[in-house]
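Dropping coords-v5.tsv in here (TSV, C-alpha atoms (C1' of nucleotides)):
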```
chain	number	residue	atom	x	y	z
A	1296	MET	CA	-50.10	3.75	81.47
A	1297	SER	CA	-46.98	4.23	83.52
A	1298	THR	CA	-48.19	2.24	86.52
A	1299	THR	CA	-48.43	-1.04	84.67
A	1300	ILE	CA	-46.29	-2.98	87.11
A	1301	PRO	CA	-47.42	-2.49	90.72
A	1302	ALA	CA	-43.90	-2.88	92.18
A	1303	PRO	CA	-43.80	-5.69	94.77
A	1304	ALA	CA	-43.26	-3.43	97.81
A	1305	LEU	CA	-40.22	-4.39	99.86
A	1306	ARG	CA	-40.03	-5.16	103.51
A	1307	ILE	CA	-37.25	-3.84	105.70
A	1308	GLY	CA	-35.05	-6.91	105.40
A	1309	GLU	CA	-35.09	-6.86	101.62
A	1310	LEU	CA	-34.43	-3.14	101.53
A	1311	ALA	CA	-31.48	-3.62	103.86
A	1312	ARG	CA	-30.04	-6.36	101.66
A	1313	ARG	CA	-30.51	-4.27	98.54
A	1314	VAL	CA	-28.58	-1.29	99.86
A	1315	GLY	CA	-26.05	-3.23	101.86
A	1316	THR	CA	-27.03	-2.36	105.39
A	1317	THR	CA	-29.14	-3.78	108.24
A	1318	PRO	CA	-32.75	-3.36	109.34
A	1319	ARG	CA	-31.54	-1.84	112.58
A	1320	THR	CA	-29.80	0.92	110.72
A	1321	ILE	CA	-32.87	1.67	108.64
A	1322	ARG	CA	-35.07	1.90	111.72
A	1323	TYR	CA	-32.47	4.07	113.39
A	1324	TYR	CA	-32.41	6.44	110.45
A	1325	GLU	CA	-36.18	6.65	110.53
A	1326	GLU	CA	-36.04	7.29	114.26
A	1327	ARG	CA	-33.61	10.12	113.58
A	1328	GLY	CA	-35.95	11.62	111.03
A	1329	LEU	CA	-33.76	10.91	108.02
A	1330	LEU	CA	-36.20	8.51	106.46
A	1331	GLY	CA	-39.81	9.51	106.72
A	1332	GLY	CA	-41.32	6.15	107.48
A	1333	PRO	CA	-44.04	4.82	105.18
A	1334	PRO	CA	-47.10	6.96	105.92
A	1335	GLY	CA	-50.26	5.52	107.41
A	1336	ARG	CA	-48.70	2.49	108.97
A	1337	PRO	CA	-50.92	0.46	111.38
A	1338	ALA	CA	-48.65	1.27	114.34
A	1339	GLY	CA	-47.03	-2.08	114.82
A	1340	GLY	CA	-47.48	-3.26	111.25
A	1341	HIS	CA	-44.63	-4.00	108.89
A	1342	ARG	CA	-42.93	-1.21	107.00
A	1343	ALA	CA	-43.35	-1.33	103.24
A	1344	TYR	CA	-40.90	0.31	100.85
A	1345	THR	CA	-40.77	1.02	97.14
A	1346	GLU	CA	-38.02	0.91	94.55
A	1347	ALA	CA	-37.72	4.65	94.92
A	1348	ASP	CA	-36.84	4.13	98.57
A	1349	VAL	CA	-33.99	1.87	97.49
A	1350	THR	CA	-32.53	4.64	95.35
A	1351	ARG	CA	-33.06	7.24	98.02
A	1352	LEU	CA	-31.47	5.20	100.79
A	1353	ARG	CA	-28.52	4.39	98.57
A	1354	GLU	CA	-28.01	8.09	98.07
A	1355	LEU	CA	-28.21	8.82	101.75
A	1356	LEU	CA	-25.63	6.16	102.56
A	1357	SER	CA	-23.39	7.40	99.76
A	1358	LEU	CA	-23.56	10.98	100.96
A	1359	ARG	CA	-22.77	9.91	104.50
A	1360	GLU	CA	-19.96	7.56	103.58
A	1361	LEU	CA	-18.28	9.54	100.83
A	1362	LEU	CA	-18.52	12.92	102.49
A	1363	GLY	CA	-17.85	11.59	105.97
A	1364	LEU	CA	-20.94	13.21	107.42
A	1365	SER	CA	-22.43	12.46	110.81
A	1366	LEU	CA	-26.12	11.61	110.84
A	1367	GLU	CA	-26.86	15.05	112.22
A	1368	GLU	CA	-24.97	16.74	109.41
A	1369	LEU	CA	-26.60	14.43	106.92
A	1370	GLY	CA	-29.97	15.48	108.23
A	1371	ARG	CA	-29.25	19.10	107.49
A	1372	VAL	CA	-27.78	18.34	104.09
A	1373	ILE	CA	-30.62	16.28	102.70
A	1374	GLU	CA	-33.43	18.74	103.17
A	1375	ALA	CA	-33.57	18.81	99.40
A	1376	GLU	CA	-35.12	15.39	99.62
A	1377	SER	CA	-37.77	16.65	101.95
A	1378	ALA	CA	-38.47	19.48	99.55
A	1379	ARG	CA	-38.75	16.98	96.74
A	1380	ALA	CA	-41.18	14.91	98.75
A	1381	LEU	CA	-43.12	18.09	99.39
A	1382	VAL	CA	-43.41	18.76	95.68
A	1383	ARG	CA	-44.78	15.33	95.00
A	1384	ALA	CA	-47.12	15.51	97.96
A	1385	GLU	CA	-48.54	18.86	96.91
A	1386	ILE	CA	-48.87	17.77	93.31
A	1387	GLU	CA	-50.63	14.60	94.33
A	1388	ALA	CA	-52.91	16.64	96.55
A	1389	GLY	CA	-53.86	18.76	93.58
A	1390	VAL	CA	-52.03	21.87	94.72
A	1391	GLU	CA	-50.47	23.44	91.68
A	1392	ASP	CA	-49.89	27.06	92.56
A	1393	PRO	CA	-46.98	27.87	90.23
A	1394	ALA	CA	-45.42	30.39	92.60
A	1395	ARG	CA	-45.44	27.85	95.42
A	1396	LEU	CA	-43.98	25.15	93.20
A	1397	ARG	CA	-41.31	27.49	91.93
A	1398	GLU	CA	-40.41	28.27	95.51
A	1399	ILE	CA	-40.13	24.63	96.47
A	1400	VAL	CA	-38.14	23.57	93.42
A	1401	THR	CA	-35.82	26.53	93.85
A	1402	GLU	CA	-35.15	25.54	97.42
A	1403	ALA	CA	-34.48	21.94	96.39
A	1404	LEU	CA	-32.10	23.26	93.77
A	1405	GLY	CA	-30.22	25.19	96.41
A	1406	HIS	CA	-29.80	22.10	98.51
A	1407	LEU	CA	-28.60	20.13	95.52
A	1408	ASP	CA	-26.03	22.83	94.86
A	1409	LEU	CA	-24.92	22.60	98.47
A	1410	GLN	CA	-24.46	18.86	98.16
A	1411	LEU	CA	-22.57	19.29	94.92
A	1412	SER	CA	-20.27	21.86	96.48
A	1413	LEU	CA	-19.49	19.42	99.28
A	1414	VAL	CA	-18.75	16.73	96.72
A	1415	HIS	CA	-16.46	19.07	94.81
A	1416	ARG	CA	-14.56	20.02	97.92
A	1417	ARG	CA	-14.02	16.38	98.72
A	1418	GLN	CA	-12.85	15.73	95.19
A	1419	ALA	CA	-10.32	18.53	95.50
A	1420	GLU	CA	-9.02	17.16	98.79
A	1421	LEU	CA	-8.75	13.69	97.30
A	1422	ALA	CA	-6.91	15.07	94.29
A	1423	ALA	CA	-4.41	16.76	96.59
A	1424	LEU	CA	-3.87	13.51	98.47
A	1425	GLU	CA	-3.46	11.69	95.19
A	1426	ASP	CA	-0.83	14.17	94.03
A	1427	ASP	CA	1.02	13.70	97.25
A	1428	LEU	CA	1.03	9.95	96.92
A	1429	GLN	CA	2.03	10.13	93.26
A	1430	GLN	CA	5.05	12.24	94.16
A	1431	ARG	CA	6.13	9.73	96.76
A	1432	ARG	CA	5.66	7.00	94.21
A	1433	GLN	CA	7.87	8.78	91.72
A	1434	ARG	CA	10.58	9.24	94.31
A	1435	ALA	CA	10.39	5.56	95.21
A	1436	LEU	CA	10.65	4.62	91.55
A	1437	GLY	CA	13.65	6.87	91.19
A	1438	ARG	CA	15.34	5.27	94.13
A	1439	LEU	CA	14.64	1.83	92.72
A	1440	ALA	CA	16.19	2.79	89.42
A	1441	GLY	CA	19.26	4.04	91.21
A	1442	ILE	CA	19.65	0.79	93.10
A	1443	ALA	CA	19.04	-1.36	90.04
A	1444	ASP	CA	21.66	0.71	88.26
A	1445	ALA	CA	24.19	0.03	91.01
A	1446	THR	CA	23.59	-3.70	91.20
A	1447	ALA	CA	23.37	-3.99	87.41
A	1448	GLY	CA	21.21	-7.07	87.10
A	1449	GLY	CA	21.06	-8.79	90.46
A	1450	ASP	CA	18.27	-11.07	91.76
B	1493	MET	CA	25.32	22.71	103.85
B	1494	SER	CA	21.80	21.33	103.85
B	1495	THR	CA	21.49	21.21	107.65
B	1496	THR	CA	22.02	24.92	108.09
B	1497	ILE	CA	18.84	25.47	110.05
B	1498	PRO	CA	18.46	22.98	112.92
B	1499	ALA	CA	14.63	23.05	112.79
B	1500	PRO	CA	13.18	24.23	116.14
B	1501	ALA	CA	11.66	20.85	117.17
B	1502	LEU	CA	7.97	21.05	118.01
B	1503	ARG	CA	6.23	19.94	121.12
B	1504	ILE	CA	2.98	18.05	121.03
B	1505	GLY	CA	0.79	21.12	121.43
B	1506	GLU	CA	2.36	22.91	118.51
B	1507	LEU	CA	2.19	19.82	116.33
B	1508	ALA	CA	-1.49	19.45	117.16
B	1509	ARG	CA	-2.16	23.07	116.23
B	1510	ARG	CA	-0.26	22.73	112.97
B	1511	VAL	CA	-2.21	19.74	111.75
B	1512	GLY	CA	-5.54	20.76	113.23
B	1513	THR	CA	-6.00	18.18	115.92
B	1514	THR	CA	-5.40	17.75	119.66
B	1515	PRO	CA	-2.54	16.42	121.78
B	1516	ARG	CA	-4.81	13.67	123.06
B	1517	THR	CA	-5.34	12.39	119.54
B	1518	ILE	CA	-1.63	12.37	118.83
B	1519	ARG	CA	-0.87	10.42	121.99
B	1520	TYR	CA	-3.70	8.04	121.15
B	1521	TYR	CA	-2.28	7.43	117.69
B	1522	GLU	CA	1.12	6.76	119.16
B	1523	GLU	CA	-0.47	4.39	121.68
B	1524	ARG	CA	-2.09	2.56	118.78
B	1525	GLY	CA	1.24	2.25	117.02
B	1526	LEU	CA	0.40	4.60	114.17
B	1527	LEU	CA	2.99	7.15	115.14
B	1528	GLY	CA	6.25	5.71	116.26
B	1529	GLY	CA	6.98	8.04	119.15
B	1530	PRO	CA	10.20	10.03	119.09
B	1531	PRO	CA	12.96	7.50	119.82
B	1532	GLY	CA	15.11	7.67	122.91
B	1533	ARG	CA	12.72	9.70	125.01
B	1534	PRO	CA	13.60	10.01	128.73
B	1535	ALA	CA	10.44	8.10	129.74
B	1536	GLY	CA	8.39	10.90	131.14
B	1537	GLY	CA	10.06	13.63	129.15
B	1538	HIS	CA	8.30	15.78	126.57
B	1539	ARG	CA	7.82	14.46	123.06
B	1540	ALA	CA	9.73	16.36	120.38
B	1541	TYR	CA	8.68	16.40	116.74
B	1542	THR	CA	10.16	17.60	113.48
B	1543	GLU	CA	8.71	19.29	110.42
B	1544	ALA	CA	8.68	15.90	108.74
B	1545	ASP	CA	6.33	14.69	111.46
B	1546	VAL	CA	3.96	17.51	110.58
B	1547	THR	CA	3.80	16.34	106.97
B	1548	ARG	CA	3.49	12.73	107.97
B	1549	LEU	CA	0.70	13.31	110.47
B	1550	ARG	CA	-1.16	15.47	107.97
B	1551	GLU	CA	-1.03	12.57	105.55
B	1552	LEU	CA	-2.29	10.11	108.11
B	1553	LEU	CA	-5.22	12.33	108.98
B	1554	SER	CA	-5.98	12.89	105.31
B	1555	LEU	CA	-5.94	9.19	104.55
B	1556	ARG	CA	-8.20	8.49	107.47
B	1557	GLU	CA	-10.63	11.30	106.79
B	1558	LEU	CA	-10.81	11.12	103.01
B	1559	LEU	CA	-10.91	7.35	102.73
B	1560	GLY	CA	-13.08	6.90	105.77
B	1561	LEU	CA	-10.70	4.43	107.37
B	1562	SER	CA	-10.82	3.25	110.94
B	1563	LEU	CA	-7.58	3.52	112.89
B	1564	GLU	CA	-7.13	-0.20	112.58
B	1565	GLU	CA	-7.51	-0.08	108.81
B	1566	LEU	CA	-5.24	2.93	108.69
B	1567	GLY	CA	-2.62	0.98	110.55
B	1568	ARG	CA	-2.58	-1.70	107.91
B	1569	VAL	CA	-2.60	0.78	105.07
B	1570	ILE	CA	0.33	2.91	106.17
B	1571	GLU	CA	2.93	0.24	106.47
B	1572	ALA	CA	4.64	2.00	103.60
B	1573	GLU	CA	5.57	4.67	106.10
B	1574	SER	CA	7.18	2.12	108.34
B	1575	ALA	CA	9.11	0.77	105.40
B	1576	ARG	CA	10.23	4.28	104.54
B	1577	ALA	CA	11.37	4.82	108.10
B	1578	LEU	CA	13.23	1.54	107.85
B	1579	VAL	CA	15.08	2.72	104.78
B	1580	ARG	CA	16.21	5.88	106.50
B	1581	ALA	CA	17.14	4.02	109.65
B	1582	GLU	CA	19.24	1.49	107.80
B	1583	ILE	CA	20.88	4.15	105.68
B	1584	GLU	CA	21.69	6.20	108.74
B	1585	ALA	CA	23.06	3.08	110.38
B	1586	GLY	CA	25.38	2.57	107.45
B	1587	VAL	CA	23.60	-0.47	106.09
B	1588	GLU	CA	23.62	-0.20	102.35
B	1589	ASP	CA	23.13	-3.70	101.04
B	1590	PRO	CA	21.55	-2.95	97.64
B	1591	ALA	CA	19.41	-6.09	97.60
B	1592	ARG	CA	18.00	-5.25	101.03
B	1593	LEU	CA	17.31	-1.68	100.03
B	1594	ARG	CA	15.66	-2.79	96.82
B	1595	GLU	CA	13.45	-5.08	98.82
B	1596	ILE	CA	12.40	-2.38	101.22
B	1597	VAL	CA	11.76	0.25	98.57
B	1598	THR	CA	9.79	-2.25	96.50
B	1599	GLU	CA	7.60	-3.04	99.45
B	1600	ALA	CA	7.04	0.63	100.13
B	1601	LEU	CA	6.09	1.06	96.50
B	1602	GLY	CA	3.52	-1.68	96.82
B	1603	HIS	CA	1.94	0.04	99.79
B	1604	LEU	CA	1.87	3.33	97.96
B	1605	ASP	CA	0.10	1.62	95.08
B	1606	LEU	CA	-2.41	0.18	97.51
B	1607	GLN	CA	-3.09	3.62	98.92
B	1608	LEU	CA	-3.44	5.05	95.44
B	1609	SER	CA	-5.88	2.33	94.45
B	1610	LEU	CA	-8.00	3.17	97.47
B	1611	VAL	CA	-7.91	6.82	96.51
B	1612	HIS	CA	-8.94	6.00	92.97
B	1613	ARG	CA	-11.84	3.87	94.11
B	1614	ARG	CA	-13.03	6.68	96.27
B	1615	GLN	CA	-12.72	9.10	93.40
B	1616	ALA	CA	-14.83	6.82	91.22
B	1617	GLU	CA	-17.51	6.56	93.89
B	1618	LEU	CA	-17.53	10.30	94.32
B	1619	ALA	CA	-17.80	10.78	90.57
B	1620	ALA	CA	-20.82	8.48	90.49
B	1621	LEU	CA	-22.44	10.44	93.30
B	1622	GLU	CA	-21.68	13.66	91.49
B	1623	ASP	CA	-23.30	12.37	88.31
B	1624	ASP	CA	-26.35	11.40	90.25
B	1625	LEU	CA	-26.65	14.82	91.83
B	1626	GLN	CA	-26.04	16.55	88.50
B	1627	GLN	CA	-28.89	14.63	86.93
B	1628	ARG	CA	-31.23	15.64	89.71
B	1629	ARG	CA	-30.08	19.19	89.26
B	1630	GLN	CA	-30.86	19.11	85.57
B	1631	ARG	CA	-34.32	17.75	86.23
B	1632	ALA	CA	-34.93	20.46	88.80
B	1633	LEU	CA	-33.78	23.09	86.33
B	1634	GLY	CA	-36.11	21.63	83.72
B	1635	ARG	CA	-39.02	21.77	86.10
B	1636	LEU	CA	-38.19	25.36	86.97
B	1637	ALA	CA	-38.12	26.31	83.31
B	1638	GLY	CA	-41.51	24.70	82.82
B	1639	ILE	CA	-43.00	26.63	85.70
B	1640	ALA	CA	-41.45	29.91	84.66
B	1641	ASP	CA	-42.83	29.26	81.20
B	1642	ALA	CA	-46.34	28.80	82.57
B	1643	THR	CA	-46.32	31.88	84.78
B	1644	ALA	CA	-44.60	33.99	82.13
B	1645	GLY	CA	-43.03	36.62	84.36
B	1646	GLY	CA	-44.73	36.48	87.74
B	1647	ASP	CA	-43.51	37.80	91.13
C	234	DG	C1'	16.76	28.56	141.09
C	235	DG	C1'	12.09	29.75	141.14
C	236	DG	C1'	8.05	30.12	138.56
C	237	DC	C1'	4.78	28.62	135.43
C	238	DA	C1'	2.90	27.00	131.21
C	239	DA	C1'	2.89	23.00	128.79
C	240	DC	C1'	3.84	18.45	129.28
C	241	DT	C1'	3.52	13.50	131.42
C	242	DT	C1'	0.86	9.14	132.72
C	243	DG	C1'	-3.38	7.08	134.41
C	244	DA	C1'	-7.90	6.69	134.85
C	245	DC	C1'	-12.51	7.30	134.03
C	246	DG	C1'	-16.27	9.72	131.13
C	247	DT	C1'	-18.66	10.56	126.71
C	248	DT	C1'	-20.91	10.13	122.26
C	249	DA	C1'	-22.44	8.47	117.90
C	250	DA	C1'	-24.10	4.65	115.58
C	251	DC	C1'	-25.43	1.05	115.73
C	252	DG	C1'	-25.69	-4.51	117.83
C	253	DT	C1'	-28.31	-7.64	120.42
C	254	DA	C1'	-31.72	-9.85	123.28
C	255	DA	C1'	-36.57	-10.49	124.64
C	256	DA	C1'	-41.22	-10.75	124.20
C	257	DC	C1'	-44.70	-10.09	121.17
C	258	DT	C1'	-47.17	-9.62	116.42
C	259	DG	C1'	-48.32	-9.50	111.43
C	260	DC	C1'	-48.80	-12.08	107.33
C	261	DG	C1'	-48.26	-15.21	103.34
C	262	DT	C1'	-48.65	-20.37	102.81
C	263	DG	C1'	-50.05	-25.11	102.82
D	804	DC	C1'	-56.54	-21.67	110.18
D	805	DA	C1'	-52.40	-22.98	112.01
D	806	DC	C1'	-47.63	-22.38	111.32
D	807	DG	C1'	-43.48	-20.09	111.17
D	808	DC	C1'	-40.49	-16.60	109.49
D	809	DA	C1'	-39.72	-11.98	109.27
D	810	DG	C1'	-40.94	-7.86	111.50
D	811	DT	C1'	-42.24	-4.84	115.71
D	812	DT	C1'	-41.08	-2.21	120.05
D	813	DT	C1'	-38.29	-1.61	124.15
D	814	DA	C1'	-34.28	-1.60	126.35
D	815	DC	C1'	-29.87	-2.43	127.47
D	816	DG	C1'	-24.98	-3.52	125.53
D	817	DT	C1'	-20.92	-2.40	122.67
D	818	DT	C1'	-17.09	-0.14	120.33
D	819	DA	C1'	-14.13	3.24	118.40
D	820	DA	C1'	-12.09	7.49	119.14
D	821	DC	C1'	-11.31	10.39	121.55
D	822	DG	C1'	-12.53	14.21	125.96
D	823	DT	C1'	-11.55	15.37	130.52
D	824	DC	C1'	-9.83	15.44	135.06
D	825	DA	C1'	-6.16	14.77	138.59
D	826	DA	C1'	-1.69	14.71	140.33
D	827	DG	C1'	2.75	15.04	139.43
D	828	DT	C1'	6.96	16.49	136.15
D	829	DT	C1'	9.79	19.02	132.66
D	830	DG	C1'	11.75	22.59	130.40
D	831	DC	C1'	12.64	27.22	129.41
D	832	DC	C1'	13.14	32.11	130.95
D	833	DC	C1'	14.40	35.59	134.01
```

For this file, produce the structure as structure tokens.
Amino acid sequence: MSTTIPAPALRIGELARRVGTTPRTIRYYEERGLLGGPPGRPAGGHRAYTEADVTRLRELLSLRELLGLSLEELGRVIEAESARALVRAEIEAGVEDPARLREIVTEALGHLDLQLSLVHRRQAELAALEDDLQQRRQRALGRLAGIADATAGGD
Amino acid sequence: MSTTIPAPALRIGELARRVGTTPRTIRYYEERGLLGGPPGRPAGGHRAYTEADVTRLRELLSLRELLGLSLEELGRVIEAESARALVRAEIEAGVEDPARLREIVTEALGHLDLQLSLVHRRQAELAALEDDLQQRRQRALGRLAGIADATAGGD
DNA sequence: GGGCAACTTGACGTTAACGTAAACTGCGTG
DNA sequence: CACGCAGTTTACGTTAACGTCAAGTTGCCC
């Protein structure tokens, strides 16, 4: 009873609007292998996406933008997604060998940890930059106080 | 007694090495007006930089890299630096009109606040991404536990 | 003052990540 | 079922941010 609402299935234009990009970009990502296109498409037919694809694409764009990755780097970094897709695919196909699943999930976990480590590094770098700027700000404030002191109420 | 050591004055190659970039990039930045070239250069003579330039360039590259700015955007964002240079220039030139200084420093402060706001936005976006990844990680861990539970000590 | 590495300007080359145009096609609607 | 908009493939165009090459110059060291 979890598939009550069929989910309207988005076309590429809607998906683009939803994630704040363009159809061209989405096709390009698919072409680069970052977005496994909808399977079993009539070769010439319209692409159809789900709500899950919205979430996924948002994540891809976030990773790229916030970590400053090239599409090639992004490709290497998001293999966790592929692993995740694998899990679902194998489960759907009825494959449930626990050892195999454990293997796949473990690998996905490793990739997630990689992504998290990249995020943490970025956060550290940003914190350093912030500190730097804060120090400059303090110095500027100090200078202002000094000037205000000298003028003693000018305008 | 604060100018005891004259500071060796770096050439473009050394500066590039110090900040982790290339001479070409430095010249390009100067060409774009992001790095006011050393003043009073013999037109054809070698560029000479100071330790302050090292710090400054590092900041520029950090801002660009960590905020994902284009060089054009960077140019607009770093006007605080120009203001700061102005302050020093005017002070060196003997100009000390308090109102003028106050004006300049205030403007610089505004630019610093702009930069800080950009940093903070980025930090928020990164935090959101981190949360997202952490949730996925927890789910993966949960799935692993379930599998391990079912196999009860396999390998 | 001669040598040579590092620099200078100028020009053209390169690459990633799309934009854009053209000609055709699928698909929901009246 | 015709219509028209959104989508499809193919291909060439564009832009930022440098890389690279050539030919000449500067600056420091012996």

Point to revise | Exercise: range 1325-1341 of chain A partners within 12 Å, only C-alpha atoms (C1' of nucleotides), chain neighbours under 4 positions left out, as a PyMOL selection string | key: (chain A and resi 1304-1308+1318-1321+1345+1348-1349+1351-1356+1359+1365-1377+1380-1381+1384) or (chain C and resi 250+257-260) or (chain D and resi 809-812)

Check your understanding: Could you work out how far CA of Arg1312 in chain A lies from C1' of DC251 in chain C, giving the answer in Å with one decimal?
Key -> 16.6 Å

Exercise for review: May I have the residues within 12 Å of DG830 in chain D as a list in words, using all atoms listed in the file and disregarding those fewer than 6 positions away in the same chain?
Suggested key: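 Using all atoms listed in the file, the neighbours found are Arg1503, Gly1537, His1538, Arg1539 and Ala1540 of chain B; DG236, DC237, DA238, DA239 and DC240 of chain C.
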
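Rounded to one decimal, CA of Asp1605 in chain B and CA of Ile1442 in chain A lie 19.7 Å from each other.
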
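Distances to chain D were evaluated for A:Glu1309, A:Ala1440, A:Thr1350, A:Leu1428 using all atoms listed in the file, and the minimum falls at A:Glu1309.
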
Point to revise | Interatomic distance (Å, one decimal) between CA of Leu1608 in chain B and CA of Val1511 in chain B | key: 22.0 Å

Check your understanding: Mind listing as an MDAnalysis selection string which residues of chain B are within 9 Å of chain A, counting only C-alpha atoms?
Key -> chainID B and resid 1551 1554:1555 1557:1560 1590:1591 1593:1594 1597:1598 1600:1601 1604:1605 1607:1608 1611:1612 1614:1615 1617:1619 1621:1622 1624:1626 1628:1629 1632:1633 1635:1636 1639:1640 1642:1643 1646:1647

Take the residues that were just selected and, keeping C-alpha atoms, output them as a PDB file, keeping the file's coordinate frame.
```pdb
ATOM      1  CA  GLU B1551      -1.030  12.570 105.550  1.00  0.00           C
ATOM      2  CA  SER B1554      -5.980  12.890 105.310  1.00  0.00           C
ATOM      3  CA  LEU B1555      -5.940   9.190 104.550  1.00  0.00           C
ATOM      4  CA  GLU B1557     -10.630  11.300 106.790  1.00  0.00           C
ATOM      5  CA  LEU B1558     -10.810  11.120 103.010  1.00  0.00           C
ATOM      6  CA  LEU B1559     -10.910   7.350 102.730  1.00  0.00           C
ATOM      7  CA  GLY B1560     -13.080   6.900 105.770  1.00  0.00           C
ATOM      8  CA  PRO B1590      21.550  -2.950  97.640  1.00  0.00           C
ATOM      9  CA  ALA B1591      19.410  -6.090  97.600  1.00  0.00           C
ATOM     10  CA  LEU B1593      17.310  -1.680 100.030  1.00  0.00           C
ATOM     11  CA  ARG B1594      15.660  -2.790  96.820  1.00  0.00           C
ATOM     12  CA  VAL B1597      11.760   0.250  98.570  1.00  0.00           C
ATOM     13  CA  THR B1598       9.790  -2.250  96.500  1.00  0.00           C
ATOM     14  CA  ALA B1600       7.040   0.630 100.130  1.00  0.00           C
ATOM     15  CA  LEU B1601       6.090   1.060  96.500  1.00  0.00           C
ATOM     16  CA  LEU B1604       1.870   3.330  97.960  1.00  0.00           C
ATOM     17  CA  ASP B1605       0.100   1.620  95.080  1.00  0.00           C
ATOM     18  CA  GLN B1607      -3.090   3.620  98.920  1.00  0.00           C
ATOM     19  CA  LEU B1608      -3.440   5.050  95.440  1.00  0.00           C
ATOM     20  CA  VAL B1611      -7.910   6.820  96.510  1.00  0.00           C
ATOM     21  CA  HIS B1612      -8.940   6.000  92.970  1.00  0.00           C
ATOM     22  CA  ARG B1614     -13.030   6.680  96.270  1.00  0.00           C
ATOM     23  CA  GLN B1615     -12.720   9.100  93.400  1.00  0.00           C
ATOM     24  CA  GLU B1617     -17.510   6.560  93.890  1.00  0.00           C
ATOM     25  CA  LEU B1618     -17.530  10.300  94.320  1.00  0.00           C
ATOM     26  CA  ALA B1619     -17.800  10.780  90.570  1.00  0.00           C
ATOM     27  CA  LEU B1621     -22.440  10.440  93.300  1.00  0.00           C
ATOM     28  CA  GLU B1622     -21.680  13.660  91.490  1.00  0.00           C
ATOM     29  CA  ASP B1624     -26.350  11.400  90.250  1.00  0.00           C
ATOM     30  CA  LEU B1625     -26.650  14.820  91.830  1.00  0.00           C
ATOM     31  CA  GLN B1626     -26.040  16.550  88.500  1.00  0.00           C
ATOM     32  CA  ARG B1628     -31.230  15.640  89.710  1.00  0.00           C
ATOM     33  CA  ARG B1629     -30.080  19.190  89.260  1.00  0.00           C
ATOM     34  CA  ALA B1632     -34.930  20.460  88.800  1.00  0.00           C
ATOM     35  CA  LEU B1633     -33.780  23.090  86.330  1.00  0.00           C
ATOM     36  CA  ARG B1635     -39.020  21.770  86.100  1.00  0.00           C
ATOM     37  CA  LEU B1636     -38.190  25.360  86.970  1.00  0.00           C
ATOM     38  CA  ILE B1639     -43.000  26.630  85.700  1.00  0.00           C
ATOM     39  CA  ALA B1640     -41.450  29.910  84.660  1.00  0.00           C
ATOM     40  CA  ALA B1642     -46.340  28.800  82.570  1.00  0.00           C
ATOM     41  CA  THR B1643     -46.320  31.880  84.780  1.00  0.00           C
ATOM     42  CA  GLY B1646     -44.730  36.480  87.740  1.00  0.00           C
ATOM     43  CA  ASP B1647     -43.510  37.800  91.130  1.00  0.00           C
TER      44      ASP B1647
END
```

Point to revise | For chain D, the nearest of the candidates B:Ala1544, B:Leu1507, B:Leu1606, B:Leu1561, counting all atoms listed in the file | key: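 Closest to chain D of all the choices is B:Leu1561.
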
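Near chain B, the residues of chain D that fall inside 8 Å (using only C-alpha atoms (C1' of nucleotides)) are D:DC821, D:DT828, D:DT829.
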
Exercise for review: Might you pull out every residue within 12 Å of DC245 in chain C, with all atoms listed in the file counted and same-chain residues fewer than 5 positions away left off, and present them as a PyMOL selection string?
Suggested key: chain D and resi 822-825

Around all the atoms of range 813-827 of chain D listed in the file, draw an axis-aligned box and extend it by 5 Å on each of the six sides; I want its centre and edge lengths in Å to one decimal, as lines of an AutoDock Vina configuration file.
```
center_x = -17.8
center_y = 6.0
center_z = 129.4
size_x = 51.0
size_y = 29.0
size_z = 31.9
```

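Of the listed residues B:Arg1519, B:Gly1586, B:Arg1510, B:Arg1613, the one whose atoms come nearest to chain C is B:Arg1519, with distances taken using all atoms listed in the file.
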